[in-house]
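Asks: I'm passing along coords_10.cif; it holds mmCIF, C-alpha atoms and all ligand atoms.
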data_data
#
loop_
_atom_site.label_atom_id
_atom_site.label_comp_id
_atom_site.auth_asym_id
_atom_site.auth_seq_id
_atom_site.Cartn_x
_atom_site.Cartn_y
_atom_site.Cartn_z
CA MET H 1 16.23 3.28 -82.68
CA LYS H 2 19.77 4.13 -83.82
CA LEU H 3 21.99 5.16 -80.95
CA ILE H 4 25.58 6.08 -80.22
CA LEU H 5 26.72 5.80 -76.61
CA LEU H 6 29.57 8.19 -75.93
CA GLY H 7 31.59 8.59 -72.76
CA PRO H 8 34.86 7.79 -71.02
CA PRO H 9 36.06 4.29 -70.21
CA GLY H 10 34.08 2.98 -67.23
CA ALA H 11 31.08 5.25 -67.87
CA GLY H 12 28.82 2.19 -68.10
CA LYS H 13 28.25 2.25 -71.87
CA GLY H 14 28.67 -1.50 -72.26
CA THR H 15 26.44 -2.30 -69.29
CA GLN H 16 23.59 -0.02 -70.47
CA SER H 17 24.00 -1.26 -74.05
CA SER H 18 23.32 -4.83 -72.91
CA VAL H 19 20.19 -3.76 -71.01
CA LEU H 20 18.91 -1.57 -73.88
CA SER H 21 19.67 -4.24 -76.47
CA ARG H 22 17.55 -6.76 -74.55
CA GLN H 23 14.75 -4.29 -73.84
CA TYR H 24 14.44 -2.83 -77.35
CA LYS H 25 15.61 -5.93 -79.29
CA ILE H 26 18.29 -4.14 -81.26
CA PRO H 27 21.90 -5.30 -81.67
CA HIS H 28 24.69 -4.00 -79.47
CA ILE H 29 27.72 -3.24 -81.63
CA SER H 30 30.78 -2.81 -79.42
CA THR H 31 34.08 -2.23 -81.20
CA GLY H 32 35.88 -3.15 -77.95
CA ASP H 33 34.09 -6.55 -77.84
CA ILE H 34 34.74 -7.19 -81.55
CA LEU H 35 38.43 -6.37 -81.12
CA ARG H 36 38.73 -8.49 -77.96
CA SER H 37 37.24 -11.49 -79.74
CA ALA H 38 39.72 -10.95 -82.61
CA VAL H 39 42.54 -10.93 -80.04
CA LYS H 40 41.18 -14.16 -78.53
CA SER H 41 41.01 -15.85 -81.94
CA GLY H 42 44.65 -14.97 -82.64
CA SER H 43 43.75 -13.51 -86.06
CA GLU H 44 45.97 -11.00 -87.85
CA LEU H 45 43.53 -8.24 -86.90
CA GLY H 46 43.64 -9.39 -83.26
CA THR H 47 47.43 -9.43 -83.11
CA ARG H 48 47.58 -5.93 -84.58
CA ALA H 49 44.86 -4.59 -82.28
CA LYS H 50 46.34 -6.14 -79.11
CA SER H 51 49.51 -4.03 -79.27
CA TYR H 52 47.38 -0.86 -79.06
CA MET H 53 44.75 -2.12 -76.62
CA ASP H 54 47.27 -3.34 -74.04
CA LYS H 55 48.72 0.18 -73.84
CA GLY H 56 45.31 1.86 -73.71
CA GLU H 57 45.86 3.47 -77.11
CA LEU H 58 43.27 3.59 -79.89
CA VAL H 59 43.44 1.01 -82.67
CA PRO H 60 44.04 2.82 -86.02
CA ASP H 61 40.95 4.43 -87.54
CA ASP H 62 41.05 2.50 -90.84
CA VAL H 63 40.84 -0.85 -89.00
CA VAL H 64 37.92 0.13 -86.78
CA ILE H 65 35.95 2.00 -89.44
CA GLY H 66 36.01 -1.09 -91.70
CA ILE H 67 34.67 -3.27 -88.88
CA VAL H 68 31.72 -0.96 -88.15
CA VAL H 69 30.80 -0.29 -91.78
CA GLU H 70 30.56 -4.08 -92.30
CA ALA H 71 28.54 -4.59 -89.09
CA LEU H 72 26.01 -1.94 -90.16
CA LYS H 73 25.33 -3.86 -93.38
CA GLU H 74 23.99 -6.84 -91.39
CA ASP H 75 20.25 -7.54 -91.62
CA ASP H 76 19.78 -7.37 -87.85
CA THR H 77 20.56 -3.62 -87.88
CA LYS H 78 17.49 -2.79 -90.01
CA ASN H 79 15.36 -1.83 -87.00
CA GLY H 80 18.16 -0.05 -85.19
CA TYR H 81 21.34 -0.62 -83.22
CA ILE H 82 23.48 0.64 -80.39
CA LEU H 83 27.02 1.74 -81.25
CA ASP H 84 29.14 1.39 -78.10
CA GLY H 85 32.71 2.72 -78.24
CA PHE H 86 32.42 3.98 -81.82
CA PRO H 87 33.05 6.59 -83.11
CA ARG H 88 36.00 7.56 -80.95
CA THR H 89 37.76 10.11 -83.16
CA VAL H 90 36.50 12.87 -85.43
CA LYS H 91 37.78 10.86 -88.42
CA GLN H 92 35.63 7.88 -87.32
CA ALA H 93 32.60 10.17 -86.92
CA LEU H 94 33.06 11.64 -90.41
CA SER H 95 33.39 8.15 -91.92
CA LEU H 96 30.26 7.03 -90.09
CA ASP H 97 28.35 10.05 -91.41
CA GLU H 98 29.50 9.21 -94.92
CA ALA H 99 28.52 5.53 -94.65
CA LEU H 100 25.09 6.42 -93.23
CA MET H 101 24.49 9.05 -95.90
CA LYS H 102 25.27 6.48 -98.63
CA ALA H 103 22.72 4.17 -97.00
CA SER H 104 20.18 7.06 -96.71
CA SER H 105 20.21 6.54 -92.98
CA GLY H 106 21.17 8.49 -89.86
CA ILE H 107 21.62 8.36 -86.10
CA ASP H 108 18.63 9.21 -83.87
CA LEU H 109 20.54 10.15 -80.72
CA VAL H 110 24.05 10.36 -79.35
CA ILE H 111 23.91 9.80 -75.60
CA TYR H 112 26.81 11.26 -73.69
CA PHE H 113 27.49 9.56 -70.33
CA GLU H 114 28.99 12.41 -68.29
CA THR H 115 31.17 10.65 -65.72
CA SER H 116 33.83 11.78 -63.24
CA ASP H 117 37.36 10.35 -63.39
CA GLU H 118 36.97 9.04 -59.82
CA VAL H 119 33.89 7.01 -60.71
CA ALA H 120 35.48 5.71 -63.93
CA ILE H 121 38.67 4.61 -62.15
CA GLU H 122 36.75 2.96 -59.30
CA ARG H 123 34.54 1.05 -61.76
CA LEU H 124 37.35 -0.14 -63.99
CA SER H 125 39.58 -1.28 -61.16
CA GLY H 126 36.70 -3.36 -59.77
CA ARG H 127 35.50 -4.76 -63.10
CA ARG H 128 35.63 -8.51 -63.65
CA VAL H 129 34.56 -10.13 -66.91
CA CYS H 130 33.42 -13.67 -67.65
CA LYS H 131 35.95 -15.51 -69.86
CA LYS H 132 33.19 -17.59 -71.39
CA CYS H 133 30.16 -15.33 -72.00
CA GLY H 134 31.73 -11.85 -71.56
CA PHE H 135 29.25 -10.66 -68.88
CA ASN H 136 30.63 -7.74 -66.82
CA TYR H 137 30.62 -7.68 -63.03
CA HIS H 138 31.98 -5.24 -60.49
CA LEU H 139 33.51 -6.49 -57.24
CA LYS H 140 31.44 -4.00 -55.17
CA ASN H 141 28.64 -2.62 -57.37
CA ILE H 142 27.57 -5.73 -59.31
CA PRO H 143 29.22 -8.68 -57.56
CA PRO H 144 28.78 -12.29 -58.73
CA LYS H 145 26.97 -14.60 -56.30
CA ARG H 146 30.11 -16.75 -55.96
CA PRO H 147 33.47 -14.92 -56.08
CA GLY H 148 35.30 -15.46 -59.37
CA VAL H 149 32.41 -17.38 -61.00
CA CYS H 150 29.89 -16.09 -63.56
CA ASP H 151 26.24 -16.28 -62.39
CA LYS H 152 25.04 -16.77 -65.96
CA CYS H 153 27.26 -19.56 -67.29
CA GLY H 154 29.64 -20.65 -64.51
CA GLY H 155 32.63 -19.29 -66.46
CA GLU H 156 35.76 -17.96 -64.76
CA LEU H 157 35.97 -14.21 -64.11
CA TYR H 158 39.12 -12.26 -65.02
CA GLN H 159 40.44 -8.71 -64.99
CA ARG H 160 40.88 -7.13 -68.42
CA PRO H 161 44.60 -6.42 -69.03
CA ASP H 162 43.75 -2.80 -69.88
CA ASP H 163 41.96 -2.33 -66.55
CA LYS H 164 45.28 -2.12 -64.67
CA GLU H 165 45.60 1.32 -63.03
CA GLU H 166 48.38 2.72 -65.25
CA THR H 167 46.60 1.68 -68.45
CA VAL H 168 43.30 3.08 -67.18
CA ARG H 169 44.97 6.48 -66.65
CA ASN H 170 46.26 6.41 -70.23
CA ARG H 171 42.82 5.40 -71.56
CA LEU H 172 41.29 8.42 -69.78
CA LYS H 173 43.99 10.69 -71.26
CA VAL H 174 43.41 9.29 -74.76
CA TYR H 175 39.65 9.75 -74.27
CA LYS H 176 40.08 13.43 -73.35
CA GLU H 177 42.40 14.13 -76.26
CA GLN H 178 40.79 12.13 -79.06
CA THR H 179 37.20 11.27 -78.15
CA ALA H 180 35.90 14.17 -76.04
CA PRO H 181 35.92 16.52 -79.12
CA LEU H 182 32.98 14.42 -80.38
CA ILE H 183 30.77 15.93 -77.66
CA ASP H 184 31.00 19.26 -79.46
CA TYR H 185 30.75 17.59 -82.88
CA TYR H 186 27.40 15.97 -82.07
CA GLU H 187 26.14 18.91 -80.01
CA LYS H 188 26.47 21.13 -83.09
CA LYS H 189 24.42 18.61 -85.06
CA GLY H 190 21.68 18.78 -82.38
CA ALA H 191 21.93 15.01 -81.78
CA LEU H 192 23.60 15.03 -78.35
CA ARG H 193 21.75 14.25 -75.11
CA LYS H 194 23.59 14.28 -71.79
CA VAL H 195 22.95 11.84 -68.94
CA SER H 196 24.85 11.27 -65.72
CA GLY H 197 27.04 8.18 -66.03
CA ASN H 198 27.50 8.37 -62.25
CA LEU H 199 23.98 7.02 -61.65
CA ASP H 200 23.49 3.38 -60.78
CA VAL H 201 22.50 0.94 -63.53
CA GLU H 202 18.73 0.93 -62.87
CA GLU H 203 18.43 4.68 -62.32
CA LEU H 204 20.25 5.36 -65.57
CA PHE H 205 18.09 2.89 -67.46
CA LYS H 206 14.97 4.73 -66.19
CA VAL H 207 16.38 8.08 -67.33
CA LEU H 208 17.10 6.64 -70.78
CA SER H 209 13.67 5.02 -71.11
CA LYS H 210 11.99 8.35 -70.29
CA MET H 211 14.22 10.09 -72.82
CA PHE H 212 13.28 7.63 -75.58
CA SER H 213 9.57 8.15 -74.88
CA ALA H 214 9.97 11.93 -74.93
CA GLU H 215 11.84 11.70 -78.24
CA HIS H 216 9.13 9.36 -79.65
CA LEU H 217 11.70 6.63 -80.24
CA ALA H 218 9.99 3.98 -78.12
P1 LIG Z 1 36.23 -0.65 -75.02
O1 LIG Z 1 35.99 -2.05 -74.69
O2 LIG Z 1 35.23 0.09 -75.85
O3 LIG Z 1 36.53 0.10 -73.67
P2 LIG Z 1 36.06 1.53 -73.13
O4 LIG Z 1 35.39 2.47 -74.03
O5 LIG Z 1 37.31 2.01 -72.54
O6 LIG Z 1 34.89 1.19 -72.29
P3 LIG Z 1 34.80 0.23 -71.09
O7 LIG Z 1 34.34 -1.12 -71.56
O8 LIG Z 1 36.06 0.25 -70.28
O9 LIG Z 1 33.73 0.99 -70.23
P4 LIG Z 1 32.15 1.10 -70.36
O10 LIG Z 1 31.77 2.53 -70.44
O11 LIG Z 1 31.62 0.18 -71.42
O12 LIG Z 1 31.75 0.57 -68.93
P5 LIG Z 1 31.14 -0.83 -68.49
O13 LIG Z 1 29.69 -0.86 -68.78
O14 LIG Z 1 31.96 -1.96 -69.02
O15 LIG Z 1 37.63 -0.48 -75.76
C1 LIG Z 1 38.80 -1.17 -75.35
C2 LIG Z 1 39.95 -0.82 -76.27
O16 LIG Z 1 39.65 -1.24 -77.62
C3 LIG Z 1 40.27 0.68 -76.42
O17 LIG Z 1 41.12 1.15 -75.38
C4 LIG Z 1 40.95 0.71 -77.79
O18 LIG Z 1 42.28 0.25 -77.73
C5 LIG Z 1 40.13 -0.31 -78.59
N1 LIG Z 1 38.98 0.31 -79.27
C6 LIG Z 1 37.66 0.08 -79.04
N2 LIG Z 1 36.89 0.83 -79.84
C7 LIG Z 1 37.74 1.57 -80.59
C8 LIG Z 1 37.55 2.56 -81.59
N3 LIG Z 1 36.32 2.95 -81.96
N4 LIG Z 1 38.65 3.13 -82.14
C9 LIG Z 1 39.89 2.76 -81.78
N5 LIG Z 1 40.15 1.82 -80.84
C10 LIG Z 1 39.08 1.24 -80.24
O19 LIG Z 1 31.31 -0.74 -66.91
C11 LIG Z 1 32.56 -0.69 -66.27
C12 LIG Z 1 32.45 -1.33 -64.87
O20 LIG Z 1 31.53 -0.58 -64.06
C13 LIG Z 1 31.88 -2.76 -64.87
O21 LIG Z 1 32.50 -3.46 -63.84
C14 LIG Z 1 30.38 -2.60 -64.57
O22 LIG Z 1 29.88 -3.74 -63.92
C15 LIG Z 1 30.38 -1.36 -63.68
N6 LIG Z 1 29.22 -0.49 -63.92
C16 LIG Z 1 28.69 -0.18 -65.13
N7 LIG Z 1 27.68 0.70 -64.99
C17 LIG Z 1 27.59 0.95 -63.66
C18 LIG Z 1 26.74 1.80 -62.90
N8 LIG Z 1 25.81 2.56 -63.50
N9 LIG Z 1 26.91 1.84 -61.55
C19 LIG Z 1 27.87 1.08 -60.96
N10 LIG Z 1 28.70 0.25 -61.63
C20 LIG Z 1 28.57 0.20 -62.97
#
Represent the supplied structure as structure tokens.
Replies:
Amino acid sequence: MKLILLGPPGAGKGTQSSVLSRQYKIPHISTGDILRSAVKSGSELGTRAKSYMDKGELVPDDVVIGIVVEALKEDDTKNGYILDGFPRTVKQALSLDEALMKASSGIDLVIYFETSDEVAIERLSGRRVCKKCGFNYHLKNIPPKRPGVCDKCGGELYQRPDDKEETVRNRLKVYKEQTAPLIDYYEKKGALRKVSGNLDVEELFKVLSKMFSAEHLA
């Protein structure tokens, strides 16, 4: 199963990707996670990416395209994968098409998480992430058992720097200008399926599971 999850920041793409990756045993490729770990490592890529991410701007296409093209060459992608947060511009989508065509491959579905700004802002302002294992919580919706501590590994929870309100508003603006045109791009290809990103985690997972059965993907 080869999937792209498309939607605004806070739509729940990362959360569903983790659930789907476990359920269907396919890798979750998140450009946001890859870039954040580059920032953490202090690499040249990380330093370059950080200046864009902190402002809520997109990292340049050439950087991100290279990362994904390499990730898709890994053996663990043979049975499928979930692309989360990529592509995010028409240029990225065209490059992905080209790379997949060269590999005689293609995407099965592009799932668009239709989500209101209110829900996205509420989710991002309440998000807390584990410093150690990267698991995502939400102060109200998905709270940890002990405040500030990860249930899974005991790591410390923190707020992503780009989840501050002003940066979130810019991320939503950037999404509308640069990423939302992909809805039309994939709709024209007949690959797009819409789901409500406003649903809770379990409800949305059920909707997706039914969709995969109907599409004969699982
Ligand atoms: P990235 O990490 O991809 O951020 P994003 O797309 O803005 O997505 P988010 O992680 O904010 O939201 P999500 O939809 O995954 O929601 P989540 O499941 O976490 O990118 C960060 C930055 O990296 C970008 O701004 C850019 O600078 C750069 N970048 C990345 N990819 C790039 C690319 N391709 N090109 C250029 N630059 C790129 O959930 C959010 C919160 O809500 C959590 O607290 C969660 O617990 C909660 N939640 C999730 N689902 C539900 C639900 N159904 N009900 C209730 N609560 C929920």
Asks: Which residues are near ligand LIG 1 (chain Z) - at most 7 Å, using all atoms listed in the file? Format: as a PyMOL selection string.
Replies: chain H and resi 7-16+30-33+35+52-53+56-61+64+84-88+123-124+126-128+136-138+141-142+171+197-201+204
Asks: Scan for residues within 6 Å of the point (24.3, 3.1, -76.6) in the coordinates of the file, using all atoms listed in the file, and reply as a ChimeraX atom specification.
Replies: /H:3-5,17,82-84
Asks: Given the choices H:Tyr186, H:Cys153, H:Ile65, H:Arg146, which gets closest to H:Lys91 if the distance is worked out from only C-alpha atoms?
Replies: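 The answer is H:Ile65, which sits nearest to H:Lys91.
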Asks: From the options H:Ser209, H:Lys188, H:Val129, H:Leu72, which residue's atoms come nearest to H:Asp151, counting only C-alpha atoms?
Replies: H:Val129
Asks: Near H:Ile183, counting only C-alpha atoms, which residues have an atom at most 12 Å away, once you skip same-chain residues fewer than 5 positions from it, shown as a ChimeraX atom specification?
Replies: /H:4-8,87-90,93,110-114,175-178,188-194
Asks: Choose the residue, out of H:Asp62, H:Lys173, H:Val195, H:Thr167, that has the smallest atom-to-atom separation from H:Met211; count only C-alpha atoms.
Replies: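 Ranking H:Asp62, H:Lys173, H:Val195, H:Thr167 by distance to H:Met211, first place goes to H:Val195.
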